[in-house]
$ cat final11.txt   # compact mmCIF, C-alpha atoms
# COMPACT_ATOMS: atom_id res chain seq x y z
CA MET A 1 99.57 1.33 -162.78
CA ILE A 2 96.40 2.83 -161.34
CA ALA A 3 96.82 6.39 -160.07
CA PHE A 4 94.51 8.96 -158.48
CA GLU A 5 93.40 10.21 -161.89
CA ASP A 6 92.09 6.75 -162.86
CA LEU A 7 89.80 6.42 -159.86
CA THR A 8 86.83 8.32 -161.17
CA PRO A 9 83.45 8.24 -159.41
CA GLY A 10 81.24 5.44 -160.64
CA ARG A 11 84.09 3.17 -161.65
CA VAL A 12 83.66 -0.40 -160.41
CA PHE A 13 86.37 -3.02 -159.97
CA GLN A 14 85.65 -6.74 -159.67
CA PHE A 15 88.30 -8.65 -157.75
CA GLY A 16 87.23 -12.23 -158.27
CA SER A 17 86.56 -14.58 -155.39
CA THR A 18 88.03 -16.43 -152.45
CA VAL A 19 86.75 -19.52 -150.65
CA VAL A 20 86.51 -19.50 -146.86
CA ASP A 21 88.80 -22.18 -145.46
CA HIS A 22 87.31 -23.83 -142.36
CA ASP A 23 90.61 -24.29 -140.53
CA GLU A 24 91.96 -20.85 -141.31
CA MET A 25 88.66 -19.26 -140.26
CA ILE A 26 88.94 -20.93 -136.85
CA GLU A 27 92.66 -20.24 -136.53
CA PHE A 28 91.97 -16.55 -137.15
CA ALA A 29 89.18 -16.51 -134.55
CA ARG A 30 91.37 -18.29 -132.01
CA ARG A 31 93.95 -15.51 -132.29
CA PHE A 32 91.84 -12.39 -132.80
CA ASP A 33 88.20 -13.06 -131.94
CA PRO A 34 87.81 -16.17 -129.76
CA GLN A 35 84.11 -15.88 -129.08
CA PRO A 36 82.46 -19.32 -128.81
CA PHE A 37 80.27 -18.89 -131.92
CA HIS A 38 83.44 -18.27 -133.99
CA LEU A 39 85.23 -21.37 -132.63
CA ASP A 40 82.75 -24.09 -131.98
CA GLU A 41 80.04 -25.76 -134.06
CA ALA A 42 77.67 -26.25 -131.12
CA ALA A 43 78.03 -22.67 -129.89
CA GLY A 44 77.50 -21.42 -133.45
CA LYS A 45 74.30 -23.44 -133.70
CA GLU A 46 72.93 -21.80 -130.55
CA SER A 47 73.94 -18.29 -131.65
CA ILE A 48 72.00 -15.84 -133.80
CA PHE A 49 74.19 -16.98 -136.71
CA GLY A 50 72.68 -20.49 -136.61
CA ARG A 51 76.02 -22.08 -137.47
CA LEU A 52 79.71 -21.72 -136.73
CA ALA A 53 80.37 -18.30 -138.30
CA ALA A 54 83.50 -16.41 -139.28
CA SER A 55 84.70 -13.40 -137.33
CA GLY A 56 83.75 -10.26 -139.22
CA TRP A 57 87.40 -9.23 -139.06
CA PHE A 58 88.35 -12.35 -140.96
CA THR A 59 85.86 -11.42 -143.68
CA ALA A 60 87.30 -7.90 -143.73
CA GLY A 61 90.78 -9.39 -144.08
CA LEU A 62 89.71 -11.63 -146.97
CA TRP A 63 88.22 -8.62 -148.74
CA MET A 64 91.39 -6.60 -148.14
CA ARG A 65 93.48 -9.33 -149.72
CA LEU A 66 91.28 -9.34 -152.83
CA TYR A 67 91.63 -5.54 -152.98
CA VAL A 68 95.43 -5.69 -152.64
CA ASP A 69 95.79 -8.35 -155.34
CA GLY A 70 93.13 -6.86 -157.61
CA LEU A 71 94.10 -3.21 -157.45
CA LEU A 72 96.52 -1.90 -154.83
CA LEU A 73 99.66 -3.76 -155.87
CA ASP A 74 99.46 -2.20 -159.31
CA SER A 75 98.63 1.29 -158.08
CA THR A 76 100.04 4.39 -156.43
CA ALA A 77 98.28 3.53 -153.14
CA LEU A 78 99.64 5.35 -150.09
CA GLY A 79 97.46 3.90 -147.34
CA SER A 80 94.13 4.70 -145.70
CA PRO A 81 93.19 6.89 -142.71
CA GLY A 82 89.98 4.91 -142.15
CA GLY A 83 86.33 4.93 -143.08
CA ASP A 84 82.81 5.68 -141.96
CA GLU A 85 81.05 2.38 -142.50
CA VAL A 86 81.76 -1.24 -141.77
CA ALA A 87 78.83 -3.63 -142.01
CA TRP A 88 78.41 -7.37 -141.78
CA PRO A 89 74.81 -7.79 -142.99
CA ALA A 90 74.98 -11.62 -142.99
CA PRO A 91 77.21 -14.22 -141.33
CA VAL A 92 79.96 -15.99 -143.27
CA PHE A 93 80.41 -19.76 -143.10
CA ALA A 94 83.16 -22.20 -143.96
CA SER A 95 83.36 -23.05 -147.68
CA ASP A 96 81.47 -19.92 -148.73
CA GLU A 97 82.73 -18.43 -151.98
CA LEU A 98 83.03 -14.68 -151.50
CA PHE A 99 83.32 -12.17 -154.35
CA GLY A 100 84.99 -8.84 -153.68
CA SER A 101 84.41 -5.61 -155.52
CA LEU A 102 85.00 -1.91 -155.16
CA GLU A 103 83.13 1.17 -156.32
CA VAL A 104 84.62 4.64 -156.50
CA LEU A 105 82.21 7.06 -154.83
CA GLU A 106 84.14 10.32 -154.70
CA ALA A 107 87.55 11.64 -155.69
CA ARG A 108 89.27 14.86 -154.75
CA ARG A 109 92.83 16.09 -154.90
CA SER A 110 94.37 17.04 -151.58
CA ALA A 111 94.61 20.84 -151.30
CA SER A 112 97.71 20.78 -149.13
CA LYS A 113 99.38 17.88 -150.97
CA PRO A 114 98.41 18.12 -154.66
CA TRP A 115 100.50 15.05 -155.47
CA MET A 116 97.94 13.01 -153.53
CA GLY A 117 94.27 12.24 -154.07
CA LEU A 118 91.67 11.17 -151.54
CA ILE A 119 89.24 8.61 -152.87
CA THR A 120 86.04 7.59 -151.13
CA LEU A 121 85.51 3.91 -151.83
CA ARG A 122 82.72 1.42 -151.33
CA ALA A 123 83.78 -2.14 -150.59
CA TRP A 124 81.51 -5.10 -151.23
CA MET A 125 81.82 -8.77 -150.42
CA ARG A 126 79.06 -10.92 -151.90
CA ARG A 127 78.35 -14.61 -151.44
CA GLY A 128 77.98 -17.04 -154.32
CA THR A 129 78.32 -14.80 -157.36
CA ALA A 130 79.86 -11.45 -158.25
CA ASP A 131 76.43 -9.78 -158.45
CA SER A 132 74.68 -11.68 -155.68
CA ALA A 133 72.30 -9.79 -153.40
CA ASP A 134 73.72 -11.80 -150.50
CA VAL A 135 76.13 -9.16 -149.19
CA VAL A 136 78.26 -10.33 -146.25
CA TYR A 137 80.54 -7.28 -145.91
CA ARG A 138 80.19 -3.67 -146.92
CA ALA A 139 82.46 -0.78 -146.06
CA ARG A 140 83.07 2.83 -146.99
CA PHE A 141 86.50 4.24 -146.50
CA THR A 142 89.09 6.66 -147.81
CA GLY A 143 92.02 5.60 -149.93
CA MET A 144 95.03 7.84 -150.53
CA PHE A 145 96.61 7.52 -153.98
CA GLY A 146 99.51 9.25 -155.64
CA SER A 147 98.87 11.44 -158.65
CA ARG A 148 100.19 10.65 -162.10
CA GLU A 149 100.18 14.30 -163.11
CA VAL A 150 101.63 16.01 -160.06
CA PRO A 151 104.88 14.48 -158.84
CA GLN A 152 105.67 14.43 -155.15
CA ARG A 153 108.58 16.64 -154.17
CA MET B 1 78.62 -11.78 -116.46
CA ILE B 2 78.11 -8.45 -118.19
CA ALA B 3 74.64 -8.04 -119.72
CA PHE B 4 72.88 -5.30 -121.66
CA GLU B 5 71.75 -3.63 -118.42
CA ASP B 6 75.37 -3.20 -117.27
CA LEU B 7 76.46 -1.31 -120.37
CA THR B 8 75.32 2.15 -119.40
CA PRO B 9 76.40 5.25 -121.35
CA GLY B 10 79.60 6.76 -120.06
CA ARG B 11 80.98 3.52 -118.68
CA VAL B 12 84.61 2.91 -119.66
CA PHE B 13 86.45 -0.41 -119.73
CA GLN B 14 90.24 -0.67 -119.76
CA PHE B 15 91.50 -3.88 -121.34
CA GLY B 16 95.22 -3.71 -120.59
CA SER B 17 97.80 -3.92 -123.33
CA THR B 18 99.39 -6.04 -126.02
CA VAL B 19 102.81 -5.74 -127.64
CA VAL B 20 103.08 -5.81 -131.44
CA ASP B 21 105.15 -8.79 -132.47
CA HIS B 22 107.31 -8.03 -135.52
CA ASP B 23 107.02 -11.49 -137.09
CA GLU B 24 103.29 -11.84 -136.50
CA MET B 25 102.70 -8.34 -137.88
CA ILE B 26 104.43 -9.31 -141.12
CA GLU B 27 102.82 -12.75 -141.26
CA PHE B 28 99.40 -11.08 -140.99
CA ALA B 29 100.26 -8.60 -143.75
CA ARG B 30 101.56 -11.36 -146.01
CA ARG B 31 98.18 -13.11 -145.79
CA PHE B 32 95.70 -10.24 -145.66
CA ASP B 33 97.36 -6.97 -146.69
CA PRO B 34 100.59 -7.57 -148.64
CA GLN B 35 101.31 -3.98 -149.57
CA PRO B 36 105.07 -3.31 -149.65
CA PHE B 37 105.05 -0.84 -146.72
CA HIS B 38 103.49 -3.56 -144.52
CA LEU B 39 106.09 -6.17 -145.51
CA ASP B 40 109.40 -4.56 -146.10
CA GLU B 41 111.57 -2.19 -144.04
CA ALA B 42 112.86 -0.28 -147.09
CA ALA B 43 109.39 0.21 -148.59
CA GLY B 44 108.12 1.31 -145.17
CA LYS B 45 110.86 3.90 -144.96
CA GLU B 46 109.84 5.39 -148.30
CA SER B 47 106.14 5.41 -147.44
CA ILE B 48 104.15 8.08 -145.61
CA PHE B 49 104.50 5.90 -142.49
CA GLY B 50 108.27 6.45 -142.41
CA ARG B 51 108.88 2.89 -141.21
CA LEU B 52 107.61 -0.62 -141.74
CA ALA B 53 104.06 -0.26 -140.42
CA ALA B 54 101.34 -2.72 -139.42
CA SER B 55 98.25 -3.26 -141.52
CA GLY B 56 95.37 -1.39 -139.93
CA TRP B 57 93.44 -4.66 -139.96
CA PHE B 58 96.09 -6.22 -137.76
CA THR B 59 95.67 -3.37 -135.28
CA ALA B 60 91.90 -3.85 -135.43
CA GLY B 61 92.40 -7.56 -134.74
CA LEU B 62 94.66 -6.87 -131.77
CA TRP B 63 92.06 -4.52 -130.34
CA MET B 64 89.32 -7.10 -130.90
CA ARG B 65 91.30 -9.70 -128.97
CA LEU B 66 91.69 -7.33 -126.01
CA TYR B 67 87.93 -6.68 -126.14
CA VAL B 68 87.10 -10.39 -126.24
CA ASP B 69 89.39 -11.21 -123.32
CA GLY B 70 88.52 -8.10 -121.32
CA LEU B 71 84.75 -8.09 -121.73
CA LEU B 72 83.03 -10.30 -124.30
CA LEU B 73 83.94 -13.73 -122.92
CA ASP B 74 82.27 -12.87 -119.62
CA SER B 75 79.22 -11.26 -121.20
CA THR B 76 75.95 -11.96 -123.00
CA ALA B 77 77.45 -10.74 -126.31
CA LEU B 78 75.53 -11.83 -129.40
CA GLY B 79 77.67 -10.32 -132.16
CA SER B 80 77.85 -7.05 -134.06
CA PRO B 81 76.18 -5.81 -137.26
CA GLY B 82 78.97 -3.28 -137.87
CA GLY B 83 79.83 0.31 -137.15
CA ASP B 84 80.09 3.81 -138.56
CA GLU B 85 83.69 4.72 -137.86
CA VAL B 86 87.05 3.04 -138.24
CA ALA B 87 90.10 5.28 -138.00
CA TRP B 88 93.83 4.70 -137.95
CA PRO B 89 95.11 8.15 -136.94
CA ALA B 90 98.74 7.02 -136.62
CA PRO B 91 100.76 4.07 -137.92
CA VAL B 92 101.64 1.11 -135.69
CA PHE B 93 105.15 -0.31 -135.54
CA ALA B 94 106.76 -3.50 -134.30
CA SER B 95 107.29 -3.61 -130.52
CA ASP B 96 104.69 -0.90 -129.84
CA GLU B 97 102.74 -1.48 -126.64
CA LEU B 98 99.07 -0.85 -127.41
CA PHE B 99 96.40 -0.25 -124.77
CA GLY B 100 92.79 -1.08 -125.59
CA SER B 101 89.73 0.46 -124.06
CA LEU B 102 86.04 0.82 -124.68
CA GLU B 103 83.48 3.49 -123.87
CA VAL B 104 79.73 2.96 -123.89
CA LEU B 105 78.15 5.77 -125.90
CA GLU B 106 74.50 4.74 -126.16
CA ALA B 107 72.28 1.87 -125.07
CA ARG B 108 68.79 0.94 -126.16
CA ARG B 109 66.65 -2.13 -125.88
CA SER B 110 65.52 -3.65 -129.16
CA ALA B 111 61.84 -2.91 -129.73
CA SER B 112 61.23 -6.11 -131.71
CA LYS B 113 63.48 -8.31 -129.53
CA PRO B 114 63.25 -7.01 -125.95
CA TRP B 115 65.63 -9.74 -124.76
CA MET B 116 68.38 -7.97 -126.69
CA GLY B 117 70.04 -4.58 -126.32
CA LEU B 118 71.91 -2.55 -128.91
CA ILE B 119 74.93 -0.76 -127.52
CA THR B 120 76.86 1.93 -129.37
CA LEU B 121 80.48 1.53 -128.42
CA ARG B 122 83.64 3.55 -128.89
CA ALA B 123 86.85 1.56 -129.28
CA TRP B 124 90.27 3.06 -128.54
CA MET B 125 93.75 1.74 -129.04
CA ARG B 126 96.47 3.98 -127.58
CA ARG B 127 100.22 3.67 -127.77
CA GLY B 128 102.48 3.65 -124.72
CA THR B 129 100.06 4.14 -121.85
CA ALA B 130 96.37 3.58 -121.15
CA ASP B 131 95.63 7.32 -121.30
CA SER B 132 98.10 8.29 -124.01
CA ALA B 133 97.05 10.90 -126.57
CA ASP B 134 98.79 8.78 -129.21
CA VAL B 135 95.70 7.03 -130.59
CA VAL B 136 96.43 4.44 -133.28
CA TYR B 137 92.92 2.99 -133.73
CA ARG B 138 89.48 4.34 -133.02
CA ALA B 139 86.16 2.82 -133.98
CA ARG B 140 82.47 3.23 -133.29
CA PHE B 141 80.25 0.26 -133.70
CA THR B 142 77.16 -1.52 -132.41
CA GLY B 143 77.29 -4.46 -130.05
CA MET B 144 74.31 -6.73 -129.45
CA PHE B 145 73.99 -8.05 -125.89
CA GLY B 146 71.44 -10.27 -124.19
CA SER B 147 69.32 -8.84 -121.40
CA ARG B 148 69.55 -10.04 -117.82
CA GLU B 149 65.97 -9.01 -117.10
CA VAL B 150 64.11 -10.20 -120.19
CA PRO B 151 64.83 -13.84 -121.05
CA GLN B 152 64.90 -14.92 -124.69
CA ARG B 153 62.03 -17.22 -125.58
$ encode --input "final11.txt" --output "structure tokens"
Amino acid sequence: MIAFEDLTPGRVFQFGSTVVDHDEMIEFARRFDPQPFHLDEAAGKESIFGRLAASGWFTAGLWMRLYVDGLLLDSTALGSPGGDEVAWPAPVFASDELFGSLEVLEARRSASKPWMGLITLRAWMRRGTADSADVVYRARFTGMFGSREVPQR
Amino acid sequence: MIAFEDLTPGRVFQFGSTVVDHDEMIEFARRFDPQPFHLDEAAGKESIFGRLAASGWFTAGLWMRLYVDGLLLDSTALGSPGGDEVAWPAPVFASDELFGSLEVLEARRSASKPWMGLITLRAWMRRGTADSADVVYRARFTGMFGSREVPQR
């Protein structure tokens, strides 16, 4: 069980990969982001993406799922208040294999709630391999994690 | 059709509201964010949210859909490279009525691509009414929009 004390700056977690399913990608866009270039091959071709491309929120969701399976479900995670970076440096296409990872940037114990730690995290989603330079999603956010040493009362 | 030139700093768009569907909220969490407090009433009650709460990514998706329907589909939108703030100041619960809006913060024409403008946008999702102080989602990001005056070549 990963607790606040385990999330030390510099630590990197690799979450494995997921493959973008064409139909699910479009189904997601139809519900949450029905812009033509996320729905239609021809519109995608005419867009700056050059092809039918995934909604960035779908990519974010795929990363989140890798993070939940790869770390959060076996942790003291308490949620997240948000972050200060979300970037989609390159479009995502159907059948892409995307590799998720996480780097711990900063860690501090909450002053008012010492049973809780605030971790600054860097999220990465890379295309093709786990160390590819082809980054399709990058984020920086805060994760709240329970402490192993200080019980909540 | 809303183009770059229409998105002047200070302009505010109200997108109306959406109601959080209990089953869809859980279905989303099961696929993208299956942490116990997003899936299960009892786990939600024990969490810092105090109740079964929506994944923040679901809230972001609901806001995106309001933005697409309320502005993007009748615009020259070209996509987004990302943003520098995503915040979930309060948890979202089933049956909440959420009101989306957008404020234009900055606008500049691309130097290298004068047919395109880069707009800095503030996203808001408020609970209960369109001007409620109960903000459940706030984001700041960049939108790319085609120009009405300078055609792409």
$ residues_around --input "final11.txt" --residues "His38 of chain A" --least-positions-apart "6" --cutoff "6 Å" --atoms "only C-alpha atoms" --output "VMD selection string"
chain A and resid 52 to 54
$ closest_residue --input "final11.txt" --among "A:Ser132, A:Gly44, A:Phe145, A:Gly79" --to "Arg108 of chain A" --atoms "all atoms listed in the file"
A:Phe145
$ residues_near_point --input "final11.txt" --point "(76.0, 2.9, -128.0)" --cutoff "8 Å" --atoms "only C-alpha atoms" --output "list in words"
Pro9, Val104, Leu105, Glu106, Ala107, Arg108, Leu118, Ile119, Thr120, Leu121, Arg122, Phe141, Thr142 and Gly143 of chain B
$ closest_residue --input "final11.txt" --among "B:Thr18, B:Phe58, B:Glu46, B:Asp134" --to "Asp33 of chain B" --atoms "only C-alpha atoms"
B:Phe58
$ residues_around --input "final11.txt" --residues "segment 61-70 of chain B" --least-positions-apart "2" --cutoff "9 Å" --atoms "all atoms listed in the file" --output "JSON list (two decimals) with C-alpha atoms, in the coordinates of the input"
[["chain", "number", "residue", "atom", "x", "y", "z"],
["A", 31, "ARG", "CA", 93.95, -15.51, -132.29],
["A", 32, "PHE", "CA", 91.84, -12.39, -132.80],
["A", 33, "ASP", "CA", 88.20, -13.06, -131.94],
["A", 34, "PRO", "CA", 87.81, -16.17, -129.76],
["A", 35, "GLN", "CA", 84.11, -15.88, -129.08],
["A", 57, "TRP", "CA", 87.40, -9.23, -139.06],
["A", 58, "PHE", "CA", 88.35, -12.35, -140.96],
["B", 13, "PHE", "CA", 86.45, -0.41, -119.73],
["B", 14, "GLN", "CA", 90.24, -0.67, -119.76],
["B", 15, "PHE", "CA", 91.50, -3.88, -121.34],
["B", 16, "GLY", "CA", 95.22, -3.71, -120.59],
["B", 17, "SER", "CA", 97.80, -3.92, -123.33],
["B", 18, "THR", "CA", 99.39, -6.04, -126.02],
["B", 20, "VAL", "CA", 103.08, -5.81, -131.44],
["B", 56, "GLY", "CA", 95.37, -1.39, -139.93],
["B", 57, "TRP", "CA", 93.44, -4.66, -139.96],
["B", 58, "PHE", "CA", 96.09, -6.22, -137.76],
["B", 59, "THR", "CA", 95.67, -3.37, -135.28],
["B", 72, "LEU", "CA", 83.03, -10.30, -124.30],
["B", 73, "LEU", "CA", 83.94, -13.73, -122.92],
["B", 74, "ASP", "CA", 82.27, -12.87, -119.62],
["B", 98, "LEU", "CA", 99.07, -0.85, -127.41],
["B", 99, "PHE", "CA", 96.40, -0.25, -124.77],
["B", 100, "GLY", "CA", 92.79, -1.08, -125.59],
["B", 101, "SER", "CA", 89.73, 0.46, -124.06],
["B", 102, "LEU", "CA", 86.04, 0.82, -124.68],
["B", 123, "ALA", "CA", 86.85, 1.56, -129.28],
["B", 124, "TRP", "CA", 90.27, 3.06, -128.54],
["B", 125, "MET", "CA", 93.75, 1.74, -129.04],
["B", 137, "TYR", "CA", 92.92, 2.99, -133.73]]
$ closest_residue --input "final11.txt" --among "B:Arg126, B:Trp88, B:Pro81, B:Phe93" --to "Lys45 of chain B" --atoms "all atoms listed in the file"
B:Phe93
$ residues_around --input "final11.txt" --residues "Arg109 of chain A" --least-positions-apart "6" --cutoff "10 Å" --atoms "all atoms listed in the file" --output "list of chain:residue names"
A:Phe4, A:Glu5, A:Trp115, A:Met116, A:Gly117, A:Leu118, A:Ile119, A:Met144, A:Phe145, A:Gly146, A:Ser147
$ atom_distance --input "final11.txt" --atom1 "atom CA of Pro91 of chain A" --atom2 "atom CA of Arg51 of chain A"
8.8 Å
$ residues_around --input "final11.txt" --residues "Arg11 of chain A" --least-positions-apart "3" --cutoff "8 Å" --atoms "only C-alpha atoms" --output "list of chain:residue names"
A:Leu7, A:Thr8, A:Glu103, A:Val104
$ closest_residue --input "final11.txt" --among "B:Ala111, B:Val150, B:His22, B:Val92" --to "Arg127 of chain B" --atoms "all atoms listed in the file"
B:Val92
$ atom_distance --input "final11.txt" --atom1 "atom CA of Ala29 of chain A" --atom2 "atom CA of Ser80 of chain A"
24.5 Å
$ axis_aligned_box --input "final11.txt" --around "segment 122-134 of chain B" --padding-each-side "4 Å" --output "AutoDock Vina command-line options"
--center_x 93.1 --center_y 6.2 --center_z -125.2 --size_x 26.8 --size_y 17.3 --size_z 16.1
